[in-house]
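As provided, protein.cif (mmCIF, C-alpha atoms and all ligand atoms) reads as follows.
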```
data_protein
#
loop_
_atom_site.label_atom_id
_atom_site.label_comp_id
_atom_site.auth_asym_id
_atom_site.auth_seq_id
_atom_site.Cartn_x
_atom_site.Cartn_y
_atom_site.Cartn_z
CA MET A 1286 71.53 -7.60 189.27
CA THR A 1287 68.05 -6.14 189.68
CA ALA A 1288 67.84 -2.38 189.87
CA THR A 1289 66.25 -0.95 192.97
CA PRO A 1290 63.35 1.33 192.03
CA ASN A 1291 64.06 4.92 192.98
CA THR A 1292 61.00 5.45 195.15
CA THR A 1293 62.60 7.08 198.17
CA ALA A 1294 62.26 10.79 198.79
CA GLY A 1295 65.22 12.92 197.75
CA ASN A 1296 66.23 16.14 196.11
CA PRO A 1297 64.32 17.12 192.98
CA ALA A 1298 66.23 16.15 189.85
CA PRO A 1299 67.40 18.94 187.55
CA PRO A 1300 66.30 18.97 183.90
CA THR A 1301 68.15 16.49 181.69
CA ALA A 1302 69.84 16.89 178.32
CA LEU A 1303 71.55 14.44 175.98
CA THR A 1304 74.61 15.09 173.83
CA ILE A 1305 75.32 12.71 170.95
CA ALA A 1306 78.93 13.61 170.17
CA GLY A 1307 82.61 12.76 170.16
CA SER A 1308 85.21 12.75 172.93
CA ASP A 1309 88.09 15.27 172.92
CA SER A 1310 91.03 13.81 174.87
CA GLY A 1311 92.25 17.38 175.47
CA GLY A 1312 89.06 18.17 177.35
CA GLY A 1313 88.34 21.40 175.46
CA ALA A 1314 85.60 20.46 172.97
CA GLY A 1315 83.24 17.57 172.27
CA ILE A 1316 81.38 15.79 175.04
CA GLN A 1317 83.75 17.21 177.64
CA ALA A 1318 82.72 20.78 176.72
CA ASP A 1319 79.08 19.72 176.45
CA LEU A 1320 78.96 18.17 179.93
CA ARG A 1321 80.78 21.10 181.53
CA THR A 1322 78.37 23.54 179.92
CA MET A 1323 75.26 21.56 180.84
CA PHE A 1324 76.49 21.31 184.43
CA ALA A 1325 77.17 25.06 184.56
CA CYS A 1326 73.66 25.66 183.18
CA GLY A 1327 72.02 23.56 185.90
CA VAL A 1328 71.22 20.57 183.71
CA HIS A 1329 72.06 16.89 184.20
CA GLY A 1330 74.01 16.02 181.03
CA MET A 1331 73.99 12.54 179.49
CA THR A 1332 76.07 11.23 176.59
CA ALA A 1333 75.87 8.96 173.58
CA VAL A 1334 79.53 8.85 172.52
CA THR A 1335 79.97 8.54 168.73
CA ALA A 1336 83.74 8.67 168.37
CA VAL A 1337 86.90 8.99 170.42
CA THR A 1338 89.38 11.55 169.11
CA VAL A 1339 93.10 11.61 169.87
CA GLN A 1340 93.51 15.33 170.29
CA ASN A 1341 95.29 18.14 172.08
CA SER A 1342 95.59 21.92 171.71
CA VAL A 1343 97.62 21.47 168.53
CA GLY A 1344 95.21 19.29 166.58
CA VAL A 1345 93.33 16.02 166.06
CA GLU A 1346 95.79 13.17 165.45
CA ASN A 1347 93.29 10.40 164.91
CA PHE A 1348 89.83 9.16 165.80
CA ALA A 1349 87.96 5.88 166.11
CA GLU A 1350 84.21 5.56 165.64
CA ILE A 1351 82.05 3.74 168.16
CA PRO A 1352 79.99 0.90 166.60
CA THR A 1353 76.57 2.23 165.51
CA GLU A 1354 74.64 -0.24 167.68
CA ILE A 1355 76.51 1.02 170.76
CA VAL A 1356 75.78 4.65 169.82
CA THR A 1357 72.06 4.00 169.47
CA ALA A 1358 71.95 1.75 172.55
CA GLN A 1359 73.34 4.63 174.64
CA ILE A 1360 70.49 6.85 173.43
CA ARG A 1361 67.85 4.22 174.19
CA ALA A 1362 69.32 3.44 177.61
CA VAL A 1363 69.10 6.99 178.93
CA VAL A 1364 65.86 8.03 177.23
CA GLY A 1365 64.03 4.96 178.52
CA ASP A 1366 65.18 5.34 182.12
CA MET A 1367 65.97 8.97 182.87
CA GLY A 1368 64.09 10.91 180.22
CA VAL A 1369 65.59 13.61 178.01
CA GLY A 1370 64.43 17.23 178.12
CA ALA A 1371 66.39 18.29 175.03
CA ALA A 1372 69.11 16.74 172.85
CA LYS A 1373 71.97 17.88 170.65
CA THR A 1374 74.43 16.38 168.22
CA GLY A 1375 78.08 17.28 167.74
CA MET A 1376 80.71 15.15 165.98
CA LEU A 1377 78.96 12.22 164.31
CA ALA A 1378 81.88 10.94 162.22
CA THR A 1379 80.15 8.76 159.60
CA ALA A 1380 77.01 8.47 157.46
CA ASP A 1381 76.18 5.13 159.12
CA ILE A 1382 76.17 6.72 162.58
CA ILE A 1383 74.05 9.64 161.34
CA THR A 1384 71.48 7.34 159.71
CA ALA A 1385 71.26 5.13 162.80
CA VAL A 1386 70.96 8.13 165.15
CA ALA A 1387 68.20 9.68 163.01
CA LYS A 1388 66.15 6.48 163.08
CA THR A 1389 66.64 6.07 166.84
CA LEU A 1390 65.59 9.67 167.52
CA ASP A 1391 62.33 8.93 165.69
CA ASP A 1392 61.82 5.79 167.79
CA VAL A 1393 62.35 7.65 171.09
CA HIS A 1394 60.41 10.77 170.01
CA ILE A 1395 63.15 13.38 169.94
CA GLY A 1396 63.09 16.07 167.24
CA ARG A 1397 61.12 18.95 165.81
CA GLN A 1398 57.99 16.86 165.21
CA THR A 1399 57.93 15.89 168.92
CA ASP A 1400 57.83 17.65 172.31
CA THR A 1401 61.60 17.18 172.80
CA PRO A 1402 63.73 19.85 171.09
CA PHE A 1403 66.73 18.73 169.08
CA VAL A 1404 69.74 20.94 168.24
CA VAL A 1405 72.09 19.93 165.41
CA ASP A 1406 75.60 21.40 165.47
CA PRO A 1407 76.84 20.11 162.08
CA VAL A 1408 80.46 19.58 163.12
CA ALA A 1409 82.65 18.91 160.07
CA ALA A 1410 86.19 19.88 161.04
CA SER A 1411 88.25 21.20 163.94
CA MET A 1412 89.60 24.74 164.03
CA HIS A 1413 92.88 23.37 162.79
CA GLY A 1414 91.09 22.01 159.72
CA ASP A 1415 91.31 18.38 160.82
CA PRO A 1416 88.27 16.45 159.51
CA LEU A 1417 85.80 15.17 162.14
CA LEU A 1418 83.30 13.88 159.59
CA ARG A 1419 83.87 11.54 156.67
CA GLU A 1420 83.19 13.44 153.46
CA GLU A 1421 80.32 11.26 152.27
CA ALA A 1422 78.49 11.97 155.56
CA LEU A 1423 77.62 15.57 154.61
CA GLU A 1424 74.69 14.34 152.56
CA ALA A 1425 73.41 12.33 155.55
CA ILE A 1426 73.56 15.49 157.72
CA ARG A 1427 71.47 17.31 155.10
CA SER A 1428 68.92 14.59 154.42
CA GLU A 1429 68.68 12.70 157.73
CA LEU A 1430 69.40 15.21 160.49
CA PHE A 1431 68.28 18.61 159.23
CA PRO A 1432 64.61 17.64 158.68
CA ARG A 1433 64.47 16.44 162.31
CA ALA A 1434 66.16 19.49 163.84
CA THR A 1435 64.48 22.17 165.92
CA LEU A 1436 67.61 24.29 165.37
CA VAL A 1437 70.82 23.93 163.35
CA THR A 1438 73.92 25.94 164.34
CA PRO A 1439 76.50 25.92 161.49
CA ASN A 1440 79.56 28.16 161.39
CA LEU A 1441 80.47 29.79 158.09
CA ASP A 1442 82.70 26.91 156.93
CA GLU A 1443 79.90 24.45 157.61
CA VAL A 1444 77.43 26.74 155.80
CA ARG A 1445 79.65 26.64 152.72
CA LEU A 1446 80.08 22.86 152.87
CA LEU A 1447 76.36 22.22 153.34
CA THR A 1448 74.89 24.80 150.93
CA GLY A 1449 77.68 26.14 148.73
CA VAL A 1450 76.84 29.69 149.90
CA GLU A 1451 79.85 31.83 150.76
CA VAL A 1452 78.75 34.30 153.45
CA THR A 1453 80.46 37.68 153.08
CA ASP A 1454 77.79 40.18 154.19
CA ALA A 1455 74.23 40.51 155.52
CA ALA A 1456 72.62 39.61 152.17
CA SER A 1457 74.58 36.38 151.73
CA ARG A 1458 73.96 35.53 155.40
CA ARG A 1459 70.22 35.71 154.66
CA GLU A 1460 70.68 33.64 151.50
CA ALA A 1461 72.55 31.02 153.55
CA ALA A 1462 69.79 30.91 156.16
CA ASP A 1463 67.17 30.34 153.44
CA ALA A 1464 69.26 27.59 151.82
CA LEU A 1465 69.67 25.85 155.20
CA LEU A 1466 65.96 26.17 156.04
CA ALA A 1467 65.14 24.57 152.66
CA LEU A 1468 66.81 21.42 154.03
CA GLY A 1469 64.10 21.11 156.69
CA PRO A 1470 65.08 22.44 160.13
CA GLU A 1471 62.60 24.61 162.01
CA TRP A 1472 65.18 27.28 162.91
CA VAL A 1473 68.71 28.10 161.79
CA LEU A 1474 71.42 30.08 163.57
CA VAL A 1475 74.06 31.19 161.06
CA LYS A 1476 77.07 31.95 163.25
CA GLY A 1477 79.00 34.92 161.86
CA GLY A 1478 81.88 34.75 164.34
CA HIS A 1479 84.57 34.19 161.72
CA LEU A 1480 83.29 36.77 159.21
CA ASP A 1481 85.20 40.01 159.79
CA ASP A 1482 87.33 41.77 162.32
CA GLY A 1483 84.91 44.48 163.51
CA PRO A 1484 84.23 45.09 167.21
CA THR A 1485 81.04 42.99 167.07
CA CYS A 1486 79.95 39.76 165.43
CA VAL A 1487 76.46 39.11 164.13
CA ASP A 1488 74.64 35.78 164.14
CA LEU A 1489 71.40 35.44 162.18
CA LEU A 1490 68.55 33.45 163.75
CA SER A 1491 65.77 32.63 161.31
CA ASN A 1492 62.78 30.36 160.82
CA GLY A 1493 61.92 31.81 157.42
CA ALA A 1494 59.22 34.13 158.80
CA GLU A 1495 61.36 35.84 161.46
CA HIS A 1496 64.92 37.04 160.89
CA ILE A 1497 66.66 38.09 164.09
CA ASP A 1498 70.15 39.63 164.02
CA LEU A 1499 71.97 38.80 167.25
CA GLU A 1500 74.92 41.08 167.74
CA GLY A 1501 77.57 40.45 170.35
CA PRO A 1502 81.01 41.73 171.30
CA ARG A 1503 84.05 40.23 169.59
CA HIS A 1504 86.76 39.14 172.01
CA ASP A 1505 90.27 39.31 170.73
CA THR A 1506 91.57 35.88 171.69
CA PRO A 1507 92.85 32.89 169.73
CA HIS A 1508 91.65 30.57 172.51
CA THR A 1509 88.19 29.55 171.33
CA HIS A 1510 88.54 25.76 171.14
CA GLY A 1511 85.17 24.17 171.92
CA GLY A 1512 83.25 27.38 171.29
CA GLY A 1513 80.70 25.86 168.92
CA ASP A 1514 80.02 22.92 171.22
CA THR A 1515 79.65 25.22 174.22
CA LEU A 1516 77.14 27.47 172.43
CA ALA A 1517 75.01 24.55 171.19
CA SER A 1518 75.10 22.92 174.63
CA ALA A 1519 74.08 26.12 176.42
CA ILE A 1520 71.14 26.50 174.00
CA THR A 1521 70.19 22.85 174.55
CA ALA A 1522 70.40 23.30 178.33
CA SER A 1523 68.12 26.32 178.18
CA LEU A 1524 65.64 24.36 176.05
CA ALA A 1525 65.78 21.56 178.65
CA HIS A 1526 64.81 24.16 181.26
CA GLY A 1527 61.73 24.85 179.13
CA ALA A 1528 62.75 28.11 177.45
CA ASP A 1529 61.31 28.88 174.03
CA LEU A 1530 63.75 28.75 171.12
CA ARG A 1531 64.38 32.51 170.80
CA THR A 1532 65.10 32.83 174.55
CA ALA A 1533 67.29 29.72 174.54
CA VAL A 1534 69.45 31.11 171.71
CA ARG A 1535 69.83 34.44 173.52
CA ASP A 1536 70.77 32.55 176.71
CA GLY A 1537 73.28 30.51 174.73
CA LYS A 1538 74.81 33.61 173.17
CA ARG A 1539 75.26 35.22 176.58
CA PHE A 1540 76.83 32.03 177.88
CA ILE A 1541 79.34 31.68 175.01
CA GLU A 1542 80.29 35.37 175.10
CA ARG A 1543 81.27 35.07 178.73
CA SER A 1544 82.96 31.72 178.15
CA VAL A 1545 85.08 33.21 175.33
CA ALA A 1546 85.96 36.18 177.56
CA ALA A 1547 87.09 33.66 180.22
CA SER A 1548 89.05 31.39 177.84
CA TYR A 1549 92.63 30.52 178.71
CA PRO A 1550 95.82 29.35 177.00
CA LEU A 1551 96.59 25.69 177.59
CA GLY A 1552 99.14 23.64 175.68
CA ARG A 1553 101.09 24.89 172.66
CA GLY A 1554 98.06 25.55 170.46
CA ILE A 1555 94.49 26.79 170.82
CA GLY A 1556 93.20 26.95 174.40
CA PRO A 1557 89.59 26.25 175.41
CA VAL A 1558 86.66 28.55 176.12
CA SER A 1559 85.76 28.37 179.78
CA PRO A 1560 82.48 28.09 181.64
CA PHE A 1561 84.32 28.70 184.94
CA TRP A 1562 83.00 32.29 185.05
CA ARG A 1563 79.66 30.71 185.99
CA LEU A 1564 81.14 29.51 189.30
CA ASP A 1565 82.19 33.00 190.34
CA GLY A 1566 79.08 33.73 192.30
N1 LIG A 1601 86.75 17.60 168.78
C1 LIG A 1601 85.51 17.22 168.95
C2 LIG A 1601 85.25 15.87 169.50
C3 LIG A 1601 84.47 18.11 168.62
O1 LIG A 1601 83.20 17.73 168.79
C4 LIG A 1601 84.77 19.38 168.11
C5 LIG A 1601 83.74 20.35 167.75
O2 LIG A 1601 82.60 20.14 167.76
C6 LIG A 1601 86.07 19.72 167.92
C7 LIG A 1601 87.04 18.82 168.28
C8 LIG A 1601 86.49 21.01 167.31
O3 LIG A 1601 86.45 22.02 168.16
P1 LIG A 1601 87.02 23.42 167.69
O4 LIG A 1601 86.54 23.63 166.29
O5 LIG A 1601 86.37 24.35 168.63
O6 LIG A 1601 88.50 23.34 167.80
#
```

Hey, can you dump this file as structure tokens for me?
Ligand code: PLP
Amino acid sequence: MTATPNTTAGNPAPPTALTIAGSDSGGGAGIQADLRTMFACGVHGMTAVTAVTVQNSVGVENFAEIPTEIVTAQIRAVVGDMGVGAAKTGMLATADIITAVAKTLDDVHIGRQTDTPFVVDPVAASMHGDPLLREEALEAIRSELFPRATLVTPNLDEVRLLTGVEVTDAASRREAADALLALGPEWVLVKGGHLDDGPTCVDLLSNGAEHIDLEGPRHDTPHTHGGGDTLASAITASLAHGADLRTAVRDGKRFIERSVAASYPLGRGIGPVSPFWRLDG
């Protein structure tokens, strides 16, 4: 069937963003969280699905990877037709998928050396500790994805896996940021959410020259499933709107703080963060 060219007048399209990530059957994290967040942020979200997880609030039971050529074909299909204002990665599952995605991003001009920002959320495991990345793929994240990233957003477990640095205080947070920047991204956001139990949590945003402490309130809730995905997607959406990196990260922080405050219990385990607050007016 021949496509009809879209030449008729209509509503202006919103900015677009692409998530290259896995599916969460429980609807709390992964591409489901990414699309919800992008929608709530006024962005048309598009997906290149990398893996399908069998998952609920209690944990990840299993996952199947999507063939690499299908992953990369999804990226090419949407970039070529609809255009991508900013992109992010979440669960990538295997070294083969990471290598193929990195090469495709170069071909379609997405990444820090291009005009299209690229956010890498180096997802390694679920909150329950279930692996979402094959172990040998960590090196591919370091060598293939980080040098192409405008921003990387690891949590403290991912920092330790990627750099060996154990973050316990402000000095080791800075050391971790430097170790991550040495791998090639333009900016790093070291998320301190899991560090201590004080009334606030501090994330460090750095590009090596600037070091910005971003402090936010800590919400006392166990229901934070999908929090990392939601933060990275909100940042990506803001970048798709044309915000500069520092503003986009502040926007993302505000978005995730409110989404954590609005989280709800669902199922027998960890409930999801919620972007529903955004619909309240
Ligand atoms: N499932 C998928 C498909 C994900 O992409 C992620 C996180 O990125 C998770 C699960 C884990 O989410 P959480 O650590 O918030 O439980």

Considering all atoms listed in the file, give me a table of residues in range 1316-1380 of chain A that are at most 7 Å from range 1398-1416 of chain A, with the closest atom pair and distance in Å for each, as a tab-separated table.
```
residue	atom	partner	partner_atom	distance
A:Gly1344	CA	A:His1413	CA	6.0
A:Val1345	CA	A:Asp1415	CA	6.1
A:Gly1370	CA	A:Thr1401	CA	6.0
A:Ala1371	CA	A:Pro1402	CA	5.0
A:Ala1372	CA	A:Phe1403	CA	4.9
A:Lys1373	CA	A:Val1404	CA	4.5
A:Thr1374	CA	A:Val1405	CA	5.1
A:Gly1375	CA	A:Asp1406	CA	5.3
A:Met1376	CA	A:Val1408	CA	5.3
```

Kindly save the residues from that selection, with C-alpha atoms included, as an mmCIF file, in the frame of the given file.
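Written out: again-v5.cif:
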```cif
data_model
loop_
_atom_site.group_PDB
_atom_site.id
_atom_site.type_symbol
_atom_site.label_atom_id
_atom_site.label_comp_id
_atom_site.auth_asym_id
_atom_site.auth_seq_id
_atom_site.Cartn_x
_atom_site.Cartn_y
_atom_site.Cartn_z
ATOM 1 C CA GLY A 1344 95.210 19.290 166.580
ATOM 2 C CA VAL A 1345 93.330 16.020 166.060
ATOM 3 C CA GLY A 1370 64.430 17.230 178.120
ATOM 4 C CA ALA A 1371 66.390 18.290 175.030
ATOM 5 C CA ALA A 1372 69.110 16.740 172.850
ATOM 6 C CA LYS A 1373 71.970 17.880 170.650
ATOM 7 C CA THR A 1374 74.430 16.380 168.220
ATOM 8 C CA GLY A 1375 78.080 17.280 167.740
ATOM 9 C CA MET A 1376 80.710 15.150 165.980
#
```

Original post:
Could you list, as a PyMOL selection string, all the residues within 10 Å of ligand LIG 1601 (chain A), counting all atoms listed in the file?
Top reply: chain A and resi 1305-1319+1334-1345+1348+1374-1378+1406-1418+1440+1508-1515+1517+1555-1558

Original post:
Given the choices A:Thr1353, A:Thr1532, A:Asn1347, A:Gln1359, which gets closest to Thr1384 in chain A if the distance is worked out from only C-alpha atoms?
Top reply: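 Between A:Thr1353, A:Thr1532, A:Asn1347, A:Gln1359, the residue approaching Thr1384 in chain A most closely is A:Thr1353.
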
Subject >> CA of His1496 in chain A to CA of Gly1477 in chain A, straight-line distance in Å >> reply: 14.3 Å

**OP:** State, in Å with one decimal place, the distance from CA of Glu1460 in chain A to CA of Leu1499 in chain A.
**Re:**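 It comes out at 16.6 Å.
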
Original post:
CA of Glu1350 in chain A to CA of Ala1422 in chain A: how many Å, to one decimal?
Top reply: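 We find that CA of Glu1350 in chain A and CA of Ala1422 in chain A lie 13.2 Å from each other.
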
Size and centre in Å, one decimal, axis-aligned box, all listed range 1490-1508 of chain A atoms plus 6 Å per side, as lines of an AutoDock Vina configuration file:
```
center_x = 76.0
center_y = 36.0
center_z = 165.0
size_x = 45.6
size_y = 23.4
size_z = 27.1
```

**OP:** Might you pull out every residue within 12 Å of Ala1462 in chain A, with all atoms listed in the file counted and same-chain residues fewer than 3 positions away left off, and present them as an MDAnalysis selection string?
**Re:** chainID A and resid 1436:1441 1444:1445 1447:1452 1455:1459 1465:1477 1488:1498

Writing out the chosen residues with C-alpha atoms as a short mmCIF file (atom, residue, chain, number, x, y, z; two decimals), in the frame of the given file:
```cif
data_model
loop_
_atom_site.label_atom_id
_atom_site.label_comp_id
_atom_site.auth_asym_id
_atom_site.auth_seq_id
_atom_site.Cartn_x
_atom_site.Cartn_y
_atom_site.Cartn_z
CA LEU A 1436 67.61 24.29 165.37
CA VAL A 1437 70.82 23.93 163.35
CA THR A 1438 73.92 25.94 164.34
CA PRO A 1439 76.50 25.92 161.49
CA ASN A 1440 79.56 28.16 161.39
CA LEU A 1441 80.47 29.79 158.09
CA VAL A 1444 77.43 26.74 155.80
CA ARG A 1445 79.65 26.64 152.72
CA LEU A 1447 76.36 22.22 153.34
CA THR A 1448 74.89 24.80 150.93
CA GLY A 1449 77.68 26.14 148.73
CA VAL A 1450 76.84 29.69 149.90
CA GLU A 1451 79.85 31.83 150.76
CA VAL A 1452 78.75 34.30 153.45
CA ALA A 1455 74.23 40.51 155.52
CA ALA A 1456 72.62 39.61 152.17
CA SER A 1457 74.58 36.38 151.73
CA ARG A 1458 73.96 35.53 155.40
CA ARG A 1459 70.22 35.71 154.66
CA LEU A 1465 69.67 25.85 155.20
CA LEU A 1466 65.96 26.17 156.04
CA ALA A 1467 65.14 24.57 152.66
CA LEU A 1468 66.81 21.42 154.03
CA GLY A 1469 64.10 21.11 156.69
CA PRO A 1470 65.08 22.44 160.13
CA GLU A 1471 62.60 24.61 162.01
CA TRP A 1472 65.18 27.28 162.91
CA VAL A 1473 68.71 28.10 161.79
CA LEU A 1474 71.42 30.08 163.57
CA VAL A 1475 74.06 31.19 161.06
CA LYS A 1476 77.07 31.95 163.25
CA GLY A 1477 79.00 34.92 161.86
CA ASP A 1488 74.64 35.78 164.14
CA LEU A 1489 71.40 35.44 162.18
CA LEU A 1490 68.55 33.45 163.75
CA SER A 1491 65.77 32.63 161.31
CA ASN A 1492 62.78 30.36 160.82
CA GLY A 1493 61.92 31.81 157.42
CA ALA A 1494 59.22 34.13 158.80
CA GLU A 1495 61.36 35.84 161.46
CA HIS A 1496 64.92 37.04 160.89
CA ILE A 1497 66.66 38.09 164.09
CA ASP A 1498 70.15 39.63 164.02
#
```

**OP:** Tell me which of A:Leu1524, A:Ile1355, A:Ala1325, A:Leu1516 sits closest to Gly1537 in chain A, counting all atoms listed in the file.
**Re:** A:Leu1516

Output range 1425-1446 of chain A with N, CA, C and O atoms present, as a short mmCIF file (atom, residue, chain, number, x, y, z; two decimals), keeping the file's coordinate frame.
```cif
data_model
loop_
_atom_site.label_atom_id
_atom_site.label_comp_id
_atom_site.auth_asym_id
_atom_site.auth_seq_id
_atom_site.Cartn_x
_atom_site.Cartn_y
_atom_site.Cartn_z
N ALA A 1425 74.25 12.90 154.48
CA ALA A 1425 73.41 12.33 155.55
C ALA A 1425 73.01 13.42 156.55
O ALA A 1425 71.90 13.42 157.09
N ILE A 1426 73.92 14.36 156.82
CA ILE A 1426 73.56 15.49 157.72
C ILE A 1426 72.40 16.26 157.09
O ILE A 1426 71.42 16.58 157.76
N ARG A 1427 72.53 16.55 155.78
CA ARG A 1427 71.47 17.31 155.10
C ARG A 1427 70.14 16.54 155.11
O ARG A 1427 69.11 17.09 155.47
N SER A 1428 70.18 15.29 154.69
CA SER A 1428 68.92 14.59 154.42
C SER A 1428 68.34 13.89 155.65
O SER A 1428 67.12 13.74 155.76
N GLU A 1429 69.19 13.48 156.59
CA GLU A 1429 68.68 12.70 157.73
C GLU A 1429 68.50 13.55 158.99
O GLU A 1429 67.55 13.37 159.74
N LEU A 1430 69.45 14.48 159.21
CA LEU A 1430 69.40 15.21 160.49
C LEU A 1430 68.63 16.52 160.40
O LEU A 1430 67.84 16.86 161.27
N PHE A 1431 68.89 17.28 159.31
CA PHE A 1431 68.28 18.61 159.23
C PHE A 1431 66.75 18.57 159.30
O PHE A 1431 66.15 19.39 160.00
N PRO A 1432 66.08 17.65 158.61
CA PRO A 1432 64.61 17.64 158.68
C PRO A 1432 64.07 17.35 160.08
O PRO A 1432 62.92 17.63 160.38
N ARG A 1433 64.91 16.78 160.95
CA ARG A 1433 64.47 16.44 162.31
C ARG A 1433 64.84 17.52 163.34
O ARG A 1433 64.47 17.41 164.51
N ALA A 1434 65.57 18.54 162.89
CA ALA A 1434 66.16 19.49 163.84
C ALA A 1434 65.20 20.63 164.20
O ALA A 1434 64.56 21.21 163.32
N THR A 1435 65.16 20.96 165.47
CA THR A 1435 64.48 22.17 165.92
C THR A 1435 65.34 23.38 165.54
O THR A 1435 64.83 24.43 165.17
N LEU A 1436 66.66 23.21 165.66
CA LEU A 1436 67.61 24.29 165.37
C LEU A 1436 68.89 23.67 164.82
O LEU A 1436 69.34 22.64 165.33
N VAL A 1437 69.48 24.31 163.80
CA VAL A 1437 70.82 23.93 163.35
C VAL A 1437 71.75 25.14 163.55
O VAL A 1437 71.34 26.28 163.40
N THR A 1438 73.01 24.86 163.94
CA THR A 1438 73.92 25.94 164.34
C THR A 1438 75.25 25.88 163.57
O THR A 1438 76.31 25.72 164.18
N PRO A 1439 75.23 26.01 162.24
CA PRO A 1439 76.50 25.92 161.49
C PRO A 1439 77.35 27.17 161.61
O PRO A 1439 76.82 28.28 161.72
N ASN A 1440 78.68 27.00 161.58
CA ASN A 1440 79.56 28.16 161.39
C ASN A 1440 79.69 28.39 159.88
O ASN A 1440 79.13 27.65 159.07
N LEU A 1441 80.45 29.40 159.51
CA LEU A 1441 80.47 29.79 158.09
C LEU A 1441 81.12 28.73 157.20
O LEU A 1441 80.72 28.57 156.05
N ASP A 1442 82.10 28.00 157.72
CA ASP A 1442 82.70 26.91 156.93
C ASP A 1442 81.67 25.81 156.69
O ASP A 1442 81.57 25.25 155.60
N GLU A 1443 80.92 25.50 157.74
CA GLU A 1443 79.90 24.45 157.61
C GLU A 1443 78.77 24.89 156.68
O GLU A 1443 78.22 24.09 155.93
N VAL A 1444 78.43 26.20 156.72
CA VAL A 1444 77.43 26.74 155.80
C VAL A 1444 77.87 26.49 154.36
O VAL A 1444 77.10 26.03 153.51
N ARG A 1445 79.13 26.79 154.08
CA ARG A 1445 79.65 26.64 152.72
C ARG A 1445 79.65 25.17 152.29
O ARG A 1445 79.21 24.82 151.20
N LEU A 1446 80.06 24.28 153.20
CA LEU A 1446 80.08 22.86 152.87
C LEU A 1446 78.68 22.32 152.62
O LEU A 1446 78.45 21.51 151.73
#
```
